[in-house]
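Below you'll find the structure, written out as structure tokens, and then a few comments.
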Amino acid sequence: MAYTLTVNGSAHTVDTEPSTPLLWVLRDLLDLVGTKYGCGVAQCGACTVHLDGVPVRACVTPVSRVGTKAVTTIEGIAANPVGAKVQEAWKSLDVPQCGYCQAGQIMSATALLVATPKPTDAQIDAAMDGNLCRCATYPRIRKAIKSASGQAEA
Amino acid sequence: MNAPVLSRRLFLASSTAVGGGLLLSFDIGSEAQAAGRATLSAYLKVSPDGKATIASKIPEVGQGMRTALPMIIAEELDVAWEDVVVEQALADTKVYGRQVAGGSMATTLEWDGMRRVGAAGRWMLIQAAAGRLNVPSSELSTQPGRVVHASGRELSYGELAQAAAAIAPPDPKTLTLKDPKAFRIIGKSHVQTDNEAIVTGKPLFGIDVRLPGMVYATFLKAPTYAAKVAAADLAAAKAVKGVREAFVVEGGAALDGLLPGVAVVADSWWAARRGRNALEVTWADHPTSAQSTASLAAKAAEFAKGPPQRTARADGDVPAALKGAAKIVEAAYDYPFIAHAPLEPQNCTAHVKDGKVEIWAPTQNPEPGRALVAKTLNVPPENVTIHLIRCGGGFGRRLVNDYMVEAAFIASKVDAPVQLIWTREDDIQHDFYRPGGWHNFTAGLDAKGDLVAWRDHFVSFGEGETFVRSGGMNSSQFPAGAVANYQHDVSVMPLGIPTGPLRAPGNNAFGFVIQSFTDEVALAAKTDPVEFRRKLLGQPRLIGPPDQNDSFHTGRMRGVLDLVAEKSGWGRKLPKGSGLGVACHFSHLGYVAVVMEVSVAEGKVKVEKAWVAADVGRQIINPTGADHQVQGSILDAIGSTLHQKITFENGAAVESNFGDFPLLRMSEAPPIEVHYLLSDNRPTGLGEPVLPPAPAALCNAIFAATGKRIRSLPVGDQLA
């Protein structure tokens with residue numbers, strides 16, 4: 001089946017099975033490798049992308065369900081001013097250890113801050129609990145979200 | 001090339017860099033090793049534009065060595081960090097010496113040598129400036145990136161680089177190193193060099209490697225380790241759109257070699273995965289297919305009742321001391337097998353062409369992988385090229401290169417570069433697990449409450465005196481040497497499950513059992529747990545021979561114990577349901593004490609806060625990276641202690657993904673206060689030593705909060 005997807009503002013047509021997860025369309029067919037495979041069952045959040053601004057797990061999102069929704073990946077998140085701010089905070093506060101999960105973390109954090117510009121700790125936990133970090137950079141992630149939202153670390 | 005200068009640890013040679021400038025090549029290792037090498041390609045390059053390019057030889061797994069080791073060179077070279085470019089070296093221990101991300105050894109082994117490499121470069125630039133300015137070098141000093149004369153005249157490193165290349169390198173032993181008080185780079189936080197690429201999603205990791213004509217592979221192995229393929233129907237897999245090939249891999253019996261299985265190769269990984277789902281494979285029976293967690297535990301329980309197979313250490317007379325003791329404390333502890341689960345599933349890209357093998361591998365330890373690939377594919381090791389790719393986590397898993405040999409073997413059957421990616425289920429079910437173990441403790445206290453006897457009957461896996469990989473225990477674990485009567489007994493049973501090092505191997509379990517039991521003994525002695533440990537440590541002294549890596553300095557441990565007690569407000573009253581727990585443990589040359597505060601409500605543990613005091617010598621090189629390792633280790637330990645276990649049935653792992661093998665999540669991560677005790681000792685590694693005391697600090701806090709002693713991990717629902 002042919003699908004036309006809008007990814008980071010550009011239209012791409014791919015020919016694949018309807019059930020192919022968006023993750024593998026991005027990685028193998030569009031060569032956008034920033035979105036990561038971690039578990040394949042929506043348990044880790046490494047594959048988080050935005051569909052019309054809403055964070056979804058690309059590993060369990062069949063390409064057939066994307067439709068006309070705009071797909072945003074880590075490669076395109078800087079076009080969103082909030083996303084760019086989050087990326088800056090991630091760099092300057094040195095959030096990553098291995099870095100593998102961080103694309104997904106940044107996508108979830110950006111969606112959180114767009115919806116809730118000044119999140120509380122509890123709101124941060126709720127929004128970020130689906131994103132695993134095996135290196136456990138959670139204290140820095142929390143700090144970077146606070147910083148990107150203009151709130152001083154408590 | 002100028003004549004190389006040999007020293008005990010550092011081997012230097014200089015030449016003109018391609019494109020001009022100074023190329024300082026070096027090796028850090030033994031003189032004999034260095035002398036046997038054809039070329040020295042670990043390098044520092046100073047270019048005419050003033051940039052300093054530094055080759056990073058250690059694999060990067062998130063431990064930050066790609067940043068920290070270049071910082072050391074840049075400091076002594078005296079160059080601005082902004083002018084440093086870091087390049088990843090190829091895997092080649094013939095050239096680079098040890099290239100392992102493991103054992104927390106990079107800082108320990110490289111600290112002095114890397115300083116001297118930078119200092120040698122600076123010395124040569126100064127000599128070049130002396131010639132150009134026609135002044136004695138004693139009148140010259142440096143500011144970042146330039147040599148300055150007392151008169152105010154100065155030359156940039158870029159201007160001097162070419163002339164410096166013609167100067168013979170100095171004897172590293174004669175170099176004067178910077179006074180640490182003058183450090184501009186070391187000791188200040190420098191963010192990771194790869195951060196920009198990480199936050200923008202640039203290709204960095206093994207699964208991001210893309211080569212022209214590359215195909216993707218999956219590899220299905222038997223749930224029971226090393227079971228052979230009895231029958232395989234490949235037709236349905238081959239019929240899946242995009243699948244190019246599916247074939248049986250004979251494989252061998254060695255658990256860390258190429259195992260039997262079925263490979264599916266396709267145009268995309270998803271097609272390979274669908275092809276694999278369509279396979280019909282029957283696995284042959286295997287001698288270990290009756291093995292289960294329950295059968296191993298039953299065997300361990302039998303051992304616990306009887307005499308040990310052997311006594312590994314016996315100081316004094318434990319039976320007699322126990323007979324004369326005023327009080328005896330006995331407890332049996334155990335911990336489960338656990339998986340590493342780095343977030344990037346195992347993967348490797350390989351291209352086999354004309355007898356040459358080219359590999360792009362996220363690996364912590366490339367050389368054994370090269371040897372395994374060479375042997376399995378029957379090619380000379382020098383025909384195997386390994387590109388070191390940033391690892392999406394390691395934790396010890398990528399010290400074993402099973403995925404590398406799988407990729408290489410599959411690629412040898414396919415006329416294209418192949419990227420093998422495991423599923424998460426493959427990763428959890430085909431790990432080299434931290435082995436489970438059992439410790440049967442007996443301690444004796446005298447009438448004053450002093451420890452007079454300590455016995456640990458350790459039950460593990462192996463045969464005779466040989467343990468399975470990472471299943472052994474040294475006999476120097478504290479309180480060895482601090483109690484007159486000490487006995488370390490060992491019994492082992494055979495195992496058909498792959499095991500291997502997990503962050504702080506061995507110690508990640510010993511810290512839990514020893515420091516938990518120490519707490520029990522302290523309470524039996526009616527002594528505060530911190531006070532009891534202080535008494536046990538006694539006068540500051542080294543237990544064990546000097547310069548031996550497991551020799552233990554009681555004074556250094558006392559230092560971190562006192563510091564963590566002070567910072568955590570040890571002894572303060574907490575409301576019902578809350579508690580403080582303490583533990584301290586020595587490993588990987590680091591002394592670490594941890595206090596945790598927990599609250600327990602409705603059977604659920606919440607860690608409210610953790611305090612850490614660590615003594616890893618006189619210098620923290622990169623504080624942001626150091627804090628990462630400390631906090632990551634604490635959280636790693638909280639996750640595994642509360643949640644993780646791998647169980648076996650029918651010789652195979654039951655758990656398969658993050659649903660049944662949970663990692664710690666953000667809402668469970670407490671604030672962590674980190675304190676470094678800078679002692680006058682050489683700087684040592686931080687990737688591992690913080691983890692071992694953490695599980696016991698947590699479980700001791702649970703006891704303080706609830707009165708429930710956790711003697712079996714994980715905590716799971718034991719408090720419900």
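All residue names refer to the structure tokens as shown: chains lettered A, B, ... in order, residues numbered from 1 in each chain, ligands numbered from 1 in order.
The list of residues with at least one atom within 10 Å of Pro70 (chain B), based on only C-alpha atoms and without residues fewer than 3 positions apart in the same chain, reads Leu44, Ala52, Thr53, Ile54, Ala55, Ser56, Met65, Arg66, Thr67, Ile73, Ala74, Glu75, Trp81, Val84, Val85, Val86, Glu87, Met114, Arg115 and Gly118 of chain B.
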Counting only C-alpha atoms, chain A residues within 8 Å of chain B, as number ranges by chain: A: 20, 24, 28-29, 33-35, 37-40, 43-44, 74-75, 78, 87, 90-94, 96-103, 106, 125-126, 128-139
Could you turn the residues from that selection into a file that holds C-alpha atoms, as a CSV table (one decimal), in the first residue's frame?
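Done, and the output landed in part.csv:
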chain,number,residue,atom,x,y,z
A,20,THR,CA,4.0,-1.5,9.5
A,24,TRP,CA,10.1,1.4,11.0
A,28,ASP,CA,14.1,2.1,7.4
A,29,LEU,CA,12.1,3.8,4.6
A,33,VAL,CA,17.0,7.3,12.5
A,34,GLY,CA,16.7,9.8,15.4
A,35,THR,CA,13.5,7.9,16.6
A,37,TYR,CA,13.6,1.3,18.9
A,38,GLY,CA,13.6,0.2,22.5
A,39,CYS,CA,10.9,-2.4,23.2
A,40,GLY,CA,8.4,-2.6,20.4
A,43,GLN,CA,6.7,0.3,27.3
A,44,CYS,CA,9.8,2.5,27.0
A,74,ILE,CA,13.3,14.6,16.9
A,75,GLU,CA,14.8,15.7,13.6
A,78,ALA,CA,13.6,22.4,16.7
A,87,GLN,CA,16.9,20.8,23.3
A,90,TRP,CA,19.1,19.2,27.5
A,91,LYS,CA,22.5,20.2,26.1
A,92,SER,CA,23.4,22.9,28.7
A,93,LEU,CA,22.4,20.8,31.7
A,94,ASP,CA,24.2,17.8,30.2
A,96,PRO,CA,22.3,12.5,28.4
A,97,GLN,CA,24.4,9.7,29.6
A,98,CYS,CA,24.3,7.1,26.8
A,99,GLY,CA,21.8,9.3,25.0
A,100,TYR,CA,19.7,6.6,23.4
A,101,CYS,CA,16.4,7.4,25.1
A,102,GLN,CA,16.8,11.1,24.9
A,103,ALA,CA,15.1,11.7,21.6
A,106,ILE,CA,12.7,15.4,24.4
A,125,ASP,CA,6.3,12.6,36.6
A,126,ALA,CA,2.9,11.9,35.0
A,128,MET,CA,7.4,11.4,31.6
A,129,ASP,CA,6.7,8.1,33.4
A,130,GLY,CA,6.3,6.3,30.1
A,131,ASN,CA,9.8,7.2,29.0
A,132,LEU,CA,12.5,4.9,30.4
A,133,CYS,CA,16.1,5.9,30.9
A,134,ARG,CA,18.3,2.9,31.6
A,135,CYS,CA,21.1,5.2,32.7
A,136,ALA,CA,18.5,6.9,35.0
A,137,THR,CA,19.1,10.5,34.0
A,138,TYR,CA,15.8,11.3,35.6
A,139,PRO,CA,17.1,14.0,38.0
Who sits within 7 Å of Ala42 (chain A), only C-alpha atoms, same chain under 3 positions skipped, as JSON, numbers by chain: {"A": [39, 45, 57, 59, 60]}
Could you write those residues out with N, CA and C atoms, as a PDB file, in the first residue's frame?
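Result file is out.pdb:
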ATOM      1  N   CYS A  39      11.609  -1.206  22.703  1.00  0.00           N
ATOM      2  CA  CYS A  39      10.892  -2.366  23.239  1.00  0.00           C
ATOM      3  C   CYS A  39       9.865  -2.932  22.264  1.00  0.00           C
ATOM      4  N   GLY A  45       9.075   4.205  25.497  1.00  0.00           N
ATOM      5  CA  GLY A  45       8.988   5.595  25.045  1.00  0.00           C
ATOM      6  C   GLY A  45      10.132   6.073  24.165  1.00  0.00           C
ATOM      7  N   ARG A  57       3.548   6.545  20.671  1.00  0.00           N
ATOM      8  CA  ARG A  57       4.647   5.585  20.547  1.00  0.00           C
ATOM      9  C   ARG A  57       4.633   5.049  19.113  1.00  0.00           C
ATOM     10  N   CYS A  59       6.287   2.815  17.767  1.00  0.00           N
ATOM     11  CA  CYS A  59       6.493   1.371  17.589  1.00  0.00           C
ATOM     12  C   CYS A  59       5.188   0.597  17.549  1.00  0.00           C
ATOM     13  N   VAL A  60       4.088   1.210  18.050  1.00  0.00           N
ATOM     14  CA  VAL A  60       2.789   0.514  18.020  1.00  0.00           C
ATOM     15  C   VAL A  60       1.748   1.325  17.236  1.00  0.00           C
TER      16      VAL A  60
END
Selection near Arg65 (chain A), 12 Å with only C-alpha atoms, sequence-local residues under 5 positions removed, as a list in words: Tyr3, Thr4, Leu5, Glu17, Pro18, Ser19, Thr20, Pro21, Leu22, Leu51, Val56, Ala58, Val60, Ala70 and Val71 of chain A
Picked from region 51-147 of chain A by DSSP as strand (DSSP E), as a ChimeraX atom specification: /A:51,54-57,70-72
Two-atom distance - CA of Phe183 (chain B), CA of Gly50 (chain B) (Å): 20.2 Å
Residue contacts of Ser108 (chain A) (7 Å, only C-alpha atoms) excluding same-chain residues fewer than 2 positions away, as a PyMOL selection string: chain A and resi 48+55+104-106+110-112+128
Can you write out the residues you just picked, keeping N, CA and C atoms, as an mmCIF file, in the first residue's frame?
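The file below, out07.cif, is the result:
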data_model
loop_
_atom_site.group_PDB
_atom_site.id
_atom_site.type_symbol
_atom_site.label_atom_id
_atom_site.label_comp_id
_atom_site.auth_asym_id
_atom_site.auth_seq_id
_atom_site.Cartn_x
_atom_site.Cartn_y
_atom_site.Cartn_z
ATOM 1 N N THR A 48 9.068 7.805 20.832
ATOM 2 C CA THR A 48 8.022 8.828 20.892
ATOM 3 C C THR A 48 8.164 9.858 19.770
ATOM 4 N N PRO A 55 1.978 13.350 21.700
ATOM 5 C CA PRO A 55 3.018 12.308 21.733
ATOM 6 C C PRO A 55 2.408 10.913 21.593
ATOM 7 N N GLY A 104 13.293 10.398 22.568
ATOM 8 C CA GLY A 104 11.944 10.159 23.084
ATOM 9 C C GLY A 104 11.628 11.045 24.279
ATOM 10 N N GLN A 105 12.611 11.231 25.142
ATOM 11 C CA GLN A 105 12.400 12.092 26.327
ATOM 12 C C GLN A 105 12.089 13.522 25.879
ATOM 13 N N ILE A 106 12.857 14.016 24.901
ATOM 14 C CA ILE A 106 12.681 15.388 24.421
ATOM 15 C C ILE A 106 11.303 15.548 23.771
ATOM 16 N N THR A 110 8.629 18.091 25.319
ATOM 17 C CA THR A 110 8.115 19.198 24.511
ATOM 18 C C THR A 110 6.587 19.199 24.510
ATOM 19 N N ALA A 111 6.010 18.018 24.332
ATOM 20 C CA ALA A 111 4.541 17.932 24.351
ATOM 21 C C ALA A 111 3.995 18.385 25.696
ATOM 22 N N LEU A 112 4.680 18.008 26.766
ATOM 23 C CA LEU A 112 4.248 18.428 28.105
ATOM 24 C C LEU A 112 4.264 19.955 28.210
ATOM 25 N N MET A 128 6.176 12.066 32.033
ATOM 26 C CA MET A 128 7.444 11.447 31.642
ATOM 27 C C MET A 128 7.556 9.989 32.088
#
Spatial neighbours of Ser149 (chain A), 8 Å, only C-alpha atoms, chain gap at least 2 places, as a ChimeraX atom specification: /A:113,117-119,145-147,151
Selection file, C-alpha atoms, as a compact mmCIF listing (two decimals), in the first residue's frame:
# COMPACT_ATOMS: atom_id res chain seq x y z
CA LEU A 113 5.50 22.01 27.98
CA PRO A 117 4.01 25.61 30.23
CA LYS A 118 4.78 25.55 33.99
CA PRO A 119 4.43 21.94 35.09
CA ILE A 145 12.16 20.51 32.01
CA LYS A 146 12.02 23.00 34.87
CA SER A 147 14.72 25.08 33.25
CA GLN A 151 11.07 27.67 36.56
Residues near Thr311 (chain B), cut-off 10 Å, only C-alpha atoms, skip fewer than 6 positions along chain, as a ChimeraX atom specification: /B:456-458,475,487-491
Store the residues picked out above in a file with N, CA and C atoms, as a PDB file, in the first residue's frame.
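So again.pdb came out as:
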ATOM      1  N   ASP B 456      30.511 -16.895  56.102  1.00  0.00           N
ATOM      2  CA  ASP B 456      29.619 -16.798  54.936  1.00  0.00           C
ATOM      3  C   ASP B 456      29.794 -18.074  54.132  1.00  0.00           C
ATOM      4  N   HIS B 457      28.749 -18.862  54.063  1.00  0.00           N
ATOM      5  CA  HIS B 457      28.758 -20.018  53.157  1.00  0.00           C
ATOM      6  C   HIS B 457      28.067 -19.571  51.881  1.00  0.00           C
ATOM      7  N   PHE B 458      28.890 -19.321  50.878  1.00  0.00           N
ATOM      8  CA  PHE B 458      28.435 -18.773  49.597  1.00  0.00           C
ATOM      9  C   PHE B 458      28.087 -19.933  48.672  1.00  0.00           C
ATOM     10  N   SER B 475      37.733 -13.567  48.616  1.00  0.00           N
ATOM     11  CA  SER B 475      37.661 -13.845  50.053  1.00  0.00           C
ATOM     12  C   SER B 475      38.151 -12.669  50.876  1.00  0.00           C
ATOM     13  N   GLN B 487      35.496 -16.868  58.190  1.00  0.00           N
ATOM     14  CA  GLN B 487      35.491 -18.063  57.350  1.00  0.00           C
ATOM     15  C   GLN B 487      34.630 -17.839  56.122  1.00  0.00           C
ATOM     16  N   HIS B 488      35.232 -18.149  54.981  1.00  0.00           N
ATOM     17  CA  HIS B 488      34.514 -18.005  53.715  1.00  0.00           C
ATOM     18  C   HIS B 488      34.409 -19.388  53.085  1.00  0.00           C
ATOM     19  N   ASP B 489      33.211 -19.932  53.104  1.00  0.00           N
ATOM     20  CA  ASP B 489      32.957 -21.270  52.553  1.00  0.00           C
ATOM     21  C   ASP B 489      32.251 -21.142  51.210  1.00  0.00           C
ATOM     22  N   VAL B 490      32.504 -22.125  50.373  1.00  0.00           N
ATOM     23  CA  VAL B 490      31.944 -22.057  49.029  1.00  0.00           C
ATOM     24  C   VAL B 490      31.398 -23.414  48.595  1.00  0.00           C
ATOM     25  N   SER B 491      30.216 -23.392  47.981  1.00  0.00           N
ATOM     26  CA  SER B 491      29.694 -24.568  47.288  1.00  0.00           C
ATOM     27  C   SER B 491      29.159 -24.114  45.942  1.00  0.00           C
TER      28      SER B 491
END
